[in-house]
Amino acid sequence: MDRRNVTNWWKRKKVSLVSCAMAFALALSGCGGNPGESPGESGEDTESYGENTAKGRYMESAKTIPEGLTNLESMVRLSDGSLGIADKMSGVFHLSKDEGETWETKEISPLIEVINQDSAEVTSIALAPDGGLFFSYVLWSGGVDENGNVAEQYVYMDAQGQSREVSLQSKQEDYILEQAVFGGDGNLYLVYLTGQVYRADLNTGELTGVMKIKGQSTVFTSSGDYIICGDMDEISLFKISTGEKLETDSVLNDFYSKEIAAVYNIGIFVDDADGQIYTASGSGLYGHVPGGSVMDELLSGELSNMGDPTRKAVSLLKGKDGGFLVAYSDGEIDSYIYDKDAPAVPEQQLTIYSLTENDTISKAVSTFRKNHPDVFVKQEIGLMDEASMVAEDAIRNLNASLLSGEGPDIIVLDGMPRDAYIEKGQLKDLKEFAEKLEGEGSYFKNILHAYDSEEGLYALPTRFTIPVAAGTKDVLGDMKTLEDLADAVVSEREKKPAQKTILGTYTPEELLAILQNGSAPAWMKDGKFDKGAVESYLTQALRIYEAEHANITPEQEQMRAQYIETVDFGMSYAEYNSNLNVAAAFNIMGKEASFIVGNLSSADGVKMLVSLMKQAQGVEYTLMPGQSEKVFCPKGILGINAGTKNEETALEFLTALFSEDVLKNDLNDGYPVNEKAFDEFFAGPSGGEKNEGFSASSEGGEIVSFSISWPTKEEVESLKNLVGTLSCPGDVESILKDAVADAGEKVLTGEMSPQEGADEIGQKMELYFAE
C-alpha cells in the first residue's frame with residue numbers, strides 16, 4: 001500500500017489565521033523594513049494602525065503560472081540564474097529566464113516513461129543547479145522482497161538529457177526515501193523516513209551520513225552553502241563547505257514549530273550574502289539573524305497570500321530585484337518587492353466575522369486582494385482559542401458589537417442566531433444581489449435561495465454538503481426516517497451478530513456527528529425549540545448505538561482513541577469522520593460494516609462513492625434517512641451587517657467570493673453553489689488522472705484492495721440532479737448543536753435517559769433564548 005497516499009488521505013491539515021491583533025502589530029513591528037533590517041534600522045516612522053500614517057510595505061504581485069503545471073513541490077534557482085520547476089506528476093520541466101514572467105517547458109522522457117506505467121508512483125524528485133535531475137519511483141505491481149519491502153528505483157538525468165539508473169547503498173532501516181535535493185555544491189542529498197540525511201555519490205551509489213533529525217522530515221531544501229531539514233519541532237542546518245551541522249537556534253525553532261504545526265509548510269532559505277535566514281509561512285515573511293533574539297516581520301500574512309490557509313508556501317527565493325519570490329503548492333508564484341511609499345497598512349478596512357475558520361473565505365480574501373490592494377480585509381474568528389471561549393460567549397460578544405454599531409461588515413452566519421439578526425433588522429436584504437449573480441452566472445437556485453422569504457433574502461450559502469447513505473438495496477430498503485435507519489441497524493445486527501460494526505463508527509461522538517446531519521432541522525419548529533423532536537432523536541440514536549457498539553471492546557475503543565491522538569485532522573475527529581472517505585469504503589469492502597452514512601463534501605467523497613458502487617456489487621446511495629427530508633448542509637452562509645459603512649466594498653467582496661474562480665477550489669468544505677465551479681470539481685487534472693490504488697487488512701486478516709477513479713459525466717450529472725431536489729437547509733445554531741451533542745453522549749453511555757437528555761437541552765435553550 002502506498003504509504004504516502006494513506007498518510008495524505010487520513011491527515012487533514014490544520015489551518016489557523018493570524019490573530020486579529022496582528023493588524024495593530026503590523027504598524028509597530030517594522031513590516032516596512034528592507035531585507036536584513038530590523039524595524040528600528042529601516043529608518044521608517046511607525047505609527048498606530050488607527051492613525052495609519054506609516055509608510056513602507058512589501059507589495060505582492062503574481063507571476064505567470066507555468067502552463068500545464070500539476071504539481072509544485074519546489075522551485076529552485078539554477079546556477080545560471082534561471083528558475084526551475086520539475087513536475088513529477090506530469091513529467092515536465094518548467095524553466096524561466098525572466099523571474100517567472102514567462103516559462104519554457106520540455107518533457108522529461110525517462111520520467112514520462114515511468115509515469116505511464118499503471119502501477120508506478122514517483123516518490124521524490126530533485127533539480128540540480130546545472131539542470132540535471134534525479135527522481136525515485138516504485139512499481140507497486142512488482143511485488144516485495146524478502147523483507148516485505150517494495151523496491152524503490154532511482155534515475156539520474158544529466159543536463160544534456162542522458163539518463164541512467166542509480167543504485168543507492170542504503171541501509172535496511174533507511175530503506176524508505178522521503179525527499180531529495182541537490183545542494184549548492186552539485187551533490188545530491190537525501191533524507192530518509194528515519195530522519196537520516198545522506199550525501200549521495202551518483203556514480204558509486206555510496207551514501208555518506210551528514211546529519212540526523214529527530215523525526216520524519218516536513219521540510220527539506222537547499223540554499224547555496226546550506227542543506228535545510230526540518231521535522232515537526234526544529235530546523236537543522238548543514239553547512240556544506242565546512243561539513244558541519246550548525247548549532248540549534250532556539251528562536252528560529254520556536255517560530256518554526258508553531259508555523260509548521262499550523263500549516264505543515266514553510267518556505268525557507270539562507271542568504272549567502274549576509275547569512276540571514278528568511279521564511280515564508282502562514283504568519284508572513286520573516287527574517288532572522290542566526291543566534292539573534294527575534295524573528296523580524298517583513299510582511300504580515302494578513303496582507304499577503306501567505307496568510308491564506310488554503311495556499312501553502314513551498315519555496316522561498318531571493319529575487320534578482322532585491323525582493324523575494326514565493327512559490328505556493330497550488331502553482332501560484334508571487335513576487336514581493338518593497339515599496340517605501342506604500343502605506344504600511346491599506347487605508348480602507350473590511351471586516352469579516354465567523355465563529356470558526358473558513359477556508360473559502362480565506363481563498364476569497366486572496367483573490368479580492370489582487371484587485372483591491374487598497375483594502376485590508378480583516379478576518380475575525382470568534383472561537384480562535386476554543387479552550388478559553390465557547391460559542392455562546394463568542395456570539396454574546398458579537399451581539400454587543402452589533403448593538404454598539406461597531407460590528408463587522410460581513411458575518412459568516414454558520415452556527416449563528418440568523419433569525420434573531422433578521423428580526424432585529426441587523427442584516428441587509430441580499431435578494432437584489434443574488435439576482436445580479438444569477439444574471440451573470442449559473443447557480444443552484446434552490447441552494448442560493450434557501451433562506452428566501454417574503455420579507456427578503458438575508459443569508460446566502462456559498463457551499464453545501466449532502467448527507468447520504470450507501471449500501472446494497474436489500475439493506476437500504478426504503479428508508480426515509482431516522483426510525484427507519486434505526487430499524488435497519490438493529491435488523492442488521494440481528495442478522496450479523498459477529499460483524500464488528502453496522503455503520504463503521506466506534507464512539508458516541510462519531511455516531512452523533514453523523515446522525516445530526518439528517519435531523520438537526522427538526523429540532524426547531526416555528527422558531528422554538530422542539531423538545532419532543534429531540535427526545536425522539538435521542539431515542540433512535542440510542543437504539544442505533546446499542547446495535548452498532550455491541551461488538552466494540554474497551555481495547556478497540558482505546559486503540560481508536562490513541563489513533564485519534566496521533567493523527568492530526570485539523571478538525572475534530574468526529575467532524576472529519578462524518579464526511580465519507582476511503583475508510584468508509586474499506587468498511588464495506590472488508591465486510592466490517594453493512595452500510596455507511598455520512599456527508600458528501602468533496603470530489604474525493606464522490607470519487608470514493610462511485611468507485612465503491614463499481615467494485616462492491618449492488619451498492620447504491622440515497623439521501624440520508626433522518627427526521628427531516630431532502631436535507632443539505634449549507635456552509636459559509638454570508639450576511640452583510642445592515643449598519644456597515646462599507647456596503648459597496650462588502651458587495652464587491654461577495655461578488656469575488658461567489659465567483660467560479662474562488663468556488664472551483666475543492667477545499668473539503670462542501671460543493672460550490674456556483675454550477676460552473678461545481679462542474680470543475682469533477683473535471684480532473686489536465687490530461688486526466690490514473691486510478692489511485694489502496695489496500696488494507698480487514699478485521700479477519702484478509703487484504704482488501706480498492707481502486708479510486710474520477711466519476712463519469714453521467715455520474716456527475718446524476719449527482720447534480722440529486723442536488724436539484726434538495727430543499728431543507730440542515731443548519732441550526734451552534735448552541736443547540738453543542739447542547740444536543742453533549743447530552744447525546746450522556747444518553748448513549750447510559751448516564752441519562754432520552755427524556756432526561758431532552759429536558760437538559762431544553763433548560764439550556766430556555767436560558768439562552770431568555771437572553
# chains A, B, ... in the order shown; residues from 1 in each chain; ligands from 1

$ closest_atom_pairs --of "range 410-521 of chain A" --to "range 392-401 of chain A" --cutoff "12 Å" --atoms "only C-alpha atoms" --output "Markdown table"
| residue | atom | partner | partner_atom | distance |
| --- | --- | --- | --- | --- |
| A:Ile410 | CA | A:Leu398 | CA | 11.9 |
| A:Ile411 | CA | A:Leu398 | CA | 9.7 |
| A:Val412 | CA | A:Leu398 | CA | 11.7 |
| A:Leu413 | CA | A:Ile395 | CA | 10.6 |
| A:Asp414 | CA | A:Ile395 | CA | 11.4 |
| A:Gly415 | CA | A:Ile395 | CA | 9.4 |
| A:Met416 | CA | A:Ile395 | CA | 7.2 |
| A:Pro417 | CA | A:Ile395 | CA | 8.3 |
| A:Arg418 | CA | A:Ile395 | CA | 11.1 |
| A:Ala420 | CA | A:Asn399 | CA | 10.3 |
| A:Tyr421 | CA | A:Asn399 | CA | 9.0 |
| A:Lys424 | CA | A:Asn399 | CA | 11.1 |
| A:Gln426 | CA | A:Asn399 | CA | 9.9 |

$ write_last_selection --atoms "N, CA, C and O atoms" --output "tab-separated table (two decimals), in the first residue's frame"
chain	number	residue	atom	x	y	z
A	410	ILE	N	-19.16	42.01	7.30
A	410	ILE	CA	-19.73	40.77	6.77
A	410	ILE	C	-19.72	39.73	7.89
A	410	ILE	O	-18.75	39.62	8.65
A	411	ILE	N	-20.80	38.96	8.00
A	411	ILE	CA	-20.90	37.93	9.04
A	411	ILE	C	-21.10	36.58	8.37
A	411	ILE	O	-21.99	36.41	7.53
A	412	VAL	N	-20.25	35.63	8.73
A	412	VAL	CA	-20.45	34.24	8.31
A	412	VAL	C	-21.42	33.64	9.32
A	412	VAL	O	-21.09	33.48	10.49
A	413	LEU	N	-22.63	33.32	8.88
A	413	LEU	CA	-23.74	33.01	9.78
A	413	LEU	C	-23.81	31.54	10.20
A	413	LEU	O	-24.76	31.15	10.89
A	414	ASP	N	-22.83	30.73	9.84
A	414	ASP	CA	-22.83	29.33	10.26
A	414	ASP	C	-22.86	29.26	11.79
A	414	ASP	O	-21.99	29.79	12.47
A	415	GLY	N	-23.87	28.58	12.33
A	415	GLY	CA	-23.98	28.42	13.77
A	415	GLY	C	-24.47	29.64	14.51
A	415	GLY	O	-24.55	29.63	15.75
A	416	MET	N	-24.81	30.70	13.78
A	416	MET	CA	-25.20	31.97	14.41
A	416	MET	C	-26.73	32.09	14.52
A	416	MET	O	-27.46	31.41	13.80
A	417	PRO	N	-27.22	32.99	15.40
A	417	PRO	CA	-28.67	33.21	15.53
A	417	PRO	C	-29.20	34.06	14.37
A	417	PRO	O	-29.59	35.22	14.55
A	418	ARG	N	-29.22	33.47	13.20
A	418	ARG	CA	-29.56	34.19	11.97
A	418	ARG	C	-30.95	34.83	12.05
A	418	ARG	O	-31.14	36.01	11.72
A	420	ALA	N	-32.70	35.73	14.59
A	420	ALA	CA	-32.75	36.85	15.54
A	420	ALA	C	-32.17	38.11	14.91
A	420	ALA	O	-32.71	39.22	15.10
A	421	TYR	N	-31.09	37.96	14.14
A	421	TYR	CA	-30.50	39.12	13.47
A	421	TYR	C	-31.47	39.71	12.45
A	421	TYR	O	-31.57	40.93	12.29
A	424	LYS	N	-34.28	41.65	14.15
A	424	LYS	CA	-33.83	42.93	14.70
A	424	LYS	C	-33.37	43.90	13.62
A	424	LYS	O	-32.92	45.01	13.93
A	426	GLN	N	-30.79	43.57	11.57
A	426	GLN	CA	-29.33	43.73	11.61
A	426	GLN	C	-28.64	43.19	10.36
A	426	GLN	O	-27.41	43.28	10.25

$ select_by_dssp --residues "range 437-678 of chain A" --states "helix (DSSP H, G or I)" --output "PyMOL selection string"
chain A and resi 437-440+445-448+473-476+482-495+508-518+520-523+531-548+554-566+573-577+582-589+603-615+647-657+660-663+675-678

$ residues_around --residues "Asp359 in chain A" --least-positions-apart "3" --cutoff "7 Å" --atoms "only C-alpha atoms" --output "PyMOL selection string"
chain A and resi 309-310+362-363+667

$ closest_residue --among "A:Leu78, A:Met89, A:Val114, A:Val631" --to "Pro129 in chain A" --atoms "only C-alpha atoms"
A:Leu78

$ residues_around --residues "range 56-64 of chain A" --least-positions-apart "3" --cutoff "9 Å" --atoms "only C-alpha atoms" --output "PDB file with N, CA and C atoms, in the first residue's frame"
ATOM      1  N   GLY A  30       7.534  46.853  12.127  1.00  0.00           N
ATOM      2  CA  GLY A  30       8.548  47.073  11.101  1.00  0.00           C
ATOM      3  C   GLY A  30       8.312  46.258   9.872  1.00  0.00           C
ATOM      4  N   CYS A  31       7.056  46.055   9.505  1.00  0.00           N
ATOM      5  CA  CYS A  31       6.829  45.340   8.251  1.00  0.00           C
ATOM      6  C   CYS A  31       7.319  46.179   7.089  1.00  0.00           C
ATOM      7  N   GLY A  32       7.722  47.412   7.380  1.00  0.00           N
ATOM      8  CA  GLY A  32       8.273  48.244   6.322  1.00  0.00           C
ATOM      9  C   GLY A  32       9.760  48.137   6.179  1.00  0.00           C
ATOM     10  N   GLY A  33      10.413  47.224   6.906  1.00  0.00           N
ATOM     11  CA  GLY A  33      11.859  47.111   6.824  1.00  0.00           C
ATOM     12  C   GLY A  33      12.325  46.450   5.557  1.00  0.00           C
ATOM     13  N   ASN A  34      13.549  46.759   5.131  1.00  0.00           N
ATOM     14  CA  ASN A  34      14.147  46.080   3.996  1.00  0.00           C
ATOM     15  C   ASN A  34      14.776  44.787   4.463  1.00  0.00           C
ATOM     16  N   GLU A  44      12.120  53.959   8.834  1.00  0.00           N
ATOM     17  CA  GLU A  44      10.744  54.367   8.581  1.00  0.00           C
ATOM     18  C   GLU A  44      10.037  54.662   9.890  1.00  0.00           C
ATOM     19  N   GLU A  67       2.276  26.873 -17.814  1.00  0.00           N
ATOM     20  CA  GLU A  67       1.169  26.169 -18.445  1.00  0.00           C
ATOM     21  C   GLU A  67       1.292  24.663 -18.244  1.00  0.00           C
ATOM     22  N   GLU A  99      12.550  35.576 -14.281  1.00  0.00           N
ATOM     23  CA  GLU A  99      11.960  35.657 -12.935  1.00  0.00           C
ATOM     24  C   GLU A  99      10.471  35.325 -12.906  1.00  0.00           C
ATOM     25  N   GLY A 100      10.077  34.353 -13.710  1.00  0.00           N
ATOM     26  CA  GLY A 100       8.708  33.865 -13.649  1.00  0.00           C
ATOM     27  C   GLY A 100       7.716  34.603 -14.513  1.00  0.00           C
ATOM     28  N   GLU A 101       8.182  35.535 -15.334  1.00  0.00           N
ATOM     29  CA  GLU A 101       7.256  36.244 -16.229  1.00  0.00           C
ATOM     30  C   GLU A 101       6.808  35.336 -17.372  1.00  0.00           C
ATOM     31  N   THR A 102       7.729  34.560 -17.908  1.00  0.00           N
ATOM     32  CA  THR A 102       7.397  33.592 -18.955  1.00  0.00           C
ATOM     33  C   THR A 102       8.106  32.280 -18.640  1.00  0.00           C
ATOM     34  N   TRP A 103       7.577  31.186 -19.197  1.00  0.00           N
ATOM     35  CA  TRP A 103       8.131  29.863 -18.910  1.00  0.00           C
ATOM     36  C   TRP A 103       8.286  29.053 -20.188  1.00  0.00           C
ATOM     37  N   LEU A 298       8.712  41.033   8.147  1.00  0.00           N
ATOM     38  CA  LEU A 298       8.856  41.897   6.980  1.00  0.00           C
ATOM     39  C   LEU A 298       7.514  42.180   6.324  1.00  0.00           C
ATOM     40  N   LEU A 299       6.597  41.196   6.392  1.00  0.00           N
ATOM     41  CA  LEU A 299       5.262  41.379   5.837  1.00  0.00           C
ATOM     42  C   LEU A 299       4.309  40.425   6.551  1.00  0.00           C
ATOM     43  N   LEU A 303      -1.652  40.425   5.041  1.00  0.00           N
ATOM     44  CA  LEU A 303      -1.587  41.312   3.883  1.00  0.00           C
ATOM     45  C   LEU A 303      -1.050  40.607   2.647  1.00  0.00           C
ATOM     46  N   SER A 304      -1.043  39.285   2.660  1.00  0.00           N
ATOM     47  CA  SER A 304      -0.470  38.554   1.532  1.00  0.00           C
ATOM     48  C   SER A 304      -1.100  37.178   1.401  1.00  0.00           C
ATOM     49  N   ASN A 305      -0.772  36.504   0.312  1.00  0.00           N
ATOM     50  CA  ASN A 305      -1.246  35.137   0.110  1.00  0.00           C
ATOM     51  C   ASN A 305      -0.721  34.177   1.164  1.00  0.00           C
ATOM     52  N   GLY A 323      13.897  41.753  -3.975  1.00  0.00           N
ATOM     53  CA  GLY A 323      12.745  41.299  -3.218  1.00  0.00           C
ATOM     54  C   GLY A 323      12.779  39.796  -3.003  1.00  0.00           C
ATOM     55  N   GLU A 332       0.727  28.858  -7.837  1.00  0.00           N
ATOM     56  CA  GLU A 332       0.939  30.306  -7.960  1.00  0.00           C
ATOM     57  C   GLU A 332       2.336  30.682  -7.486  1.00  0.00           C
ATOM     58  N   ILE A 333       2.916  31.645  -8.163  1.00  0.00           N
ATOM     59  CA  ILE A 333       4.231  32.187  -7.795  1.00  0.00           C
ATOM     60  C   ILE A 333       4.070  33.694  -7.652  1.00  0.00           C
ATOM     61  N   ASP A 334       4.415  34.216  -6.492  1.00  0.00           N
ATOM     62  CA  ASP A 334       4.234  35.636  -6.222  1.00  0.00           C
ATOM     63  C   ASP A 334       5.564  36.319  -5.942  1.00  0.00           C
ATOM     64  N   SER A 335       5.638  37.570  -6.377  1.00  0.00           N
ATOM     65  CA  SER A 335       6.812  38.408  -6.131  1.00  0.00           C
ATOM     66  C   SER A 335       6.484  39.400  -5.017  1.00  0.00           C
ATOM     67  N   TYR A 336       7.469  39.667  -4.165  1.00  0.00           N
ATOM     68  CA  TYR A 336       7.305  40.615  -3.067  1.00  0.00           C
ATOM     69  C   TYR A 336       8.433  41.636  -3.150  1.00  0.00           C
ATOM     70  N   ILE A 337       8.061  42.863  -3.530  1.00  0.00           N
ATOM     71  CA  ILE A 337       9.041  43.928  -3.702  1.00  0.00           C
ATOM     72  C   ILE A 337       8.691  45.067  -2.759  1.00  0.00           C
ATOM     73  N   TYR A 338       9.702  45.589  -2.084  1.00  0.00           N
ATOM     74  CA  TYR A 338       9.486  46.631  -1.086  1.00  0.00           C
ATOM     75  C   TYR A 338       9.210  47.972  -1.752  1.00  0.00           C
ATOM     76  N   ASP A 339       8.119  48.618  -1.314  1.00  0.00           N
ATOM     77  CA  ASP A 339       7.738  49.950  -1.803  1.00  0.00           C
ATOM     78  C   ASP A 339       7.727  50.888  -0.602  1.00  0.00           C
ATOM     79  N   LYS A 340       8.691  51.785  -0.537  1.00  0.00           N
ATOM     80  CA  LYS A 340       8.828  52.655   0.636  1.00  0.00           C
ATOM     81  C   LYS A 340       7.703  53.679   0.734  1.00  0.00           C
ATOM     82  N   ASP A 341       6.969  53.903  -0.357  1.00  0.00           N
ATOM     83  CA  ASP A 341       5.906  54.900  -0.345  1.00  0.00           C
ATOM     84  C   ASP A 341       4.515  54.303  -0.105  1.00  0.00           C
ATOM     85  N   ALA A 342       4.422  52.983  -0.123  1.00  0.00           N
ATOM     86  CA  ALA A 342       3.120  52.358   0.082  1.00  0.00           C
ATOM     87  C   ALA A 342       2.730  52.432   1.555  1.00  0.00           C
ATOM     88  N   PRO A 343       1.445  52.634   1.882  1.00  0.00           N
ATOM     89  CA  PRO A 343       1.017  52.622   3.285  1.00  0.00           C
ATOM     90  C   PRO A 343       1.369  51.284   3.930  1.00  0.00           C
ATOM     91  N   ALA A 344       1.850  51.326   5.168  1.00  0.00           N
ATOM     92  CA  ALA A 344       2.207  50.080   5.858  1.00  0.00           C
ATOM     93  C   ALA A 344       1.003  49.158   5.971  1.00  0.00           C
ATOM     94  N   VAL A 345      -0.178  49.751   6.105  1.00  0.00           N
ATOM     95  CA  VAL A 345      -1.435  49.014   6.111  1.00  0.00           C
ATOM     96  C   VAL A 345      -2.397  49.740   5.178  1.00  0.00           C
ATOM     97  N   LYS A 370      -5.930  40.951  -4.778  1.00  0.00           N
ATOM     98  CA  LYS A 370      -5.221  41.229  -6.037  1.00  0.00           C
ATOM     99  C   LYS A 370      -5.819  42.435  -6.764  1.00  0.00           C
ATOM    100  N   PRO A 373      -5.821  46.285  -3.788  1.00  0.00           N
ATOM    101  CA  PRO A 373      -4.658  46.408  -2.898  1.00  0.00           C
ATOM    102  C   PRO A 373      -4.814  47.507  -1.850  1.00  0.00           C
TER     103      PRO A 373
END
